[in-house]
Amino acid sequence: MANIIIFGAPGSGKGTQSERLIAKYNLCHISTGELLRDHIARKTELGIVADSYCSRGQLIPDDLMIEILAHTIDNDPNAAKGLILDGFPRTIPQARALKQLLAERGMKIDNVIGLEVPEDELVQRLLKRGQESGRSDDNLETINKRLDVYRTQTYPLRDYYINEGKYAAIKATGTIDEIFERIADVIEGR
Ligand code: AP5
Ligand code: MG
């Protein structure tokens, strides 16, 4: 059983590569962004709170996000197969909380897969998706806010996981298959 964080900026391919990973390694995919979008679509109490942050490209508060993540891990029967965490952690407090909550359950993070993409390509990918599928935060103003939040609050996790000896930098440009091969090499220790 492997527990993997798929890490990267908005548009770096976390969701796309997670789909490949769950298919190949039979892991349990937890995407905090998808989870929040599902609540927003259903207009639940959490969804109404989450929407006020997501629509502005801001992170929802750490305490709330950590509580949701712990609840999700504890209630997903597939979690024991191993986790792909997509979009969590996004701040240093979230990373520390994750370490503790996994340790309390006899688990740990094995790999942090860092998808590294130049910023101009991130913007192009997100604008394209905004035109094609209409995700509401894929407009230029919110994309710029999301990238700003990434730079200031999330990017420092790269050093955090380098210090833990867990970070693998992946060149995440090229075809989806080429990138997936690079990720599989890391996971399988090639
Ligand atoms: P979240 O849903 O995690 O969004 P994000 O980080 O902005 O990233 P995306 O989902 O847009 O991109 P991705 O990296 O998954 O790339 P994808 O595969 O889709 O979070 C949304 C919001 O929720 C946050 O802003 C925040 O408000 C809140 N939130 C979530 N987690 C939180 C947390 N932990 N704490 C607090 N708040 C939280 O690919 C993008 C596009 O590029 C797609 O169209 C895809 O087809 C295309 N593409 C993928 N790979 C390639 C390739 N190789 N070449 C060309 N195009 C490609
Ligand atoms: Mg995503």
# chains A, B, ... in the order shown; residues from 1 in each chain; ligands from 1
>>> residues_near_ligand(ligand="ligand 2", cutoff="9 Å", atoms="only C-alpha atoms and all ligand atoms", output="list of chain:residue names")
A:Pro10, A:Gly11, A:Ser12, A:Gly13, A:Lys14, A:Gly15, A:Thr16, A:Ser18, A:Ser31, A:Thr32, A:Gly33, A:Glu34, A:Asp86, A:Gly87
>>> residues_near_ligand(ligand="ligand 1", cutoff="8 Å", atoms="only C-alpha atoms and all ligand atoms", output="ChimeraX atom specification")
/A:7-18,31-34,36-37,50-51,53-62,65-66,86-91,94,122,125-126,128-129,137-138,143,146-147,172-177,179
>>> residues_around(residues="Tyr25 (chain A)", least_positions_apart="6", cutoff="12 Å", atoms="only C-alpha atoms", output="list in words")
Met1, Ala2, Asn3, Ile4, Gln17, Ser18, Glu19, Lys81, Gly82, Leu83, Ile84, Ile183, Ala184, Ile187 and Glu188 of chain A
>>> select_by_dssp(residues="region 2-189 of chain A", states="helix (DSSP H, G or I)", output="PyMOL selection string")
chain A and resi 14-25+32-42+45-54+62-75+77-81+92-104+119-133+140-154+156-163+176-187
>>> select_by_dssp(residues="region 15-171 of chain A", states="strand (DSSP E)", output="PyMOL selection string")
chain A and resi 28-31+83-86+111-116+167-171
>>> write_last_selection(atoms="C-alpha atoms", output="PDB file, in the first residue's frame")
ATOM      1  CA  CYS A  28      -8.179   5.659  -3.454  1.00  0.00           C
ATOM      2  CA  HIS A  29      -8.330   9.161  -4.999  1.00  0.00           C
ATOM      3  CA  ILE A  30      -9.108  12.051  -2.675  1.00  0.00           C
ATOM      4  CA  SER A  31      -9.343  15.389  -4.505  1.00  0.00           C
ATOM      5  CA  LEU A  83      -4.267   7.124  -1.052  1.00  0.00           C
ATOM      6  CA  ILE A  84      -3.686   9.572  -3.859  1.00  0.00           C
ATOM      7  CA  LEU A  85      -4.044  12.991  -2.275  1.00  0.00           C
ATOM      8  CA  ASP A  86      -4.774  15.585  -4.980  1.00  0.00           C
ATOM      9  CA  ASN A 111       5.992   9.861  -2.217  1.00  0.00           C
ATOM     10  CA  VAL A 112       5.285  13.444  -3.097  1.00  0.00           C
ATOM     11  CA  ILE A 113       5.008  13.743  -6.866  1.00  0.00           C
ATOM     12  CA  GLY A 114       5.667  17.369  -7.801  1.00  0.00           C
ATOM     13  CA  LEU A 115       4.243  18.244 -11.226  1.00  0.00           C
ATOM     14  CA  GLU A 116       6.371  21.141 -12.494  1.00  0.00           C
ATOM     15  CA  TYR A 167       9.768  15.148  -3.035  1.00  0.00           C
ATOM     16  CA  ALA A 168      10.220  13.936  -6.612  1.00  0.00           C
ATOM     17  CA  ALA A 169      10.246  16.706  -9.219  1.00  0.00           C
ATOM     18  CA  ILE A 170       8.481  15.650 -12.407  1.00  0.00           C
ATOM     19  CA  LYS A 171       8.758  17.592 -15.650  1.00  0.00           C
TER      20      LYS A 171
END
>>> closest_residue(among="A:Leu101, A:Ala80, A:Pro93, A:Leu46", to="Asp63 (chain A)", atoms="only C-alpha atoms")
A:Pro93
>>> atom_distance(atom1="CA of Gly130 (chain A)", atom2="CA of Ile22 (chain A)")
25.2 Å
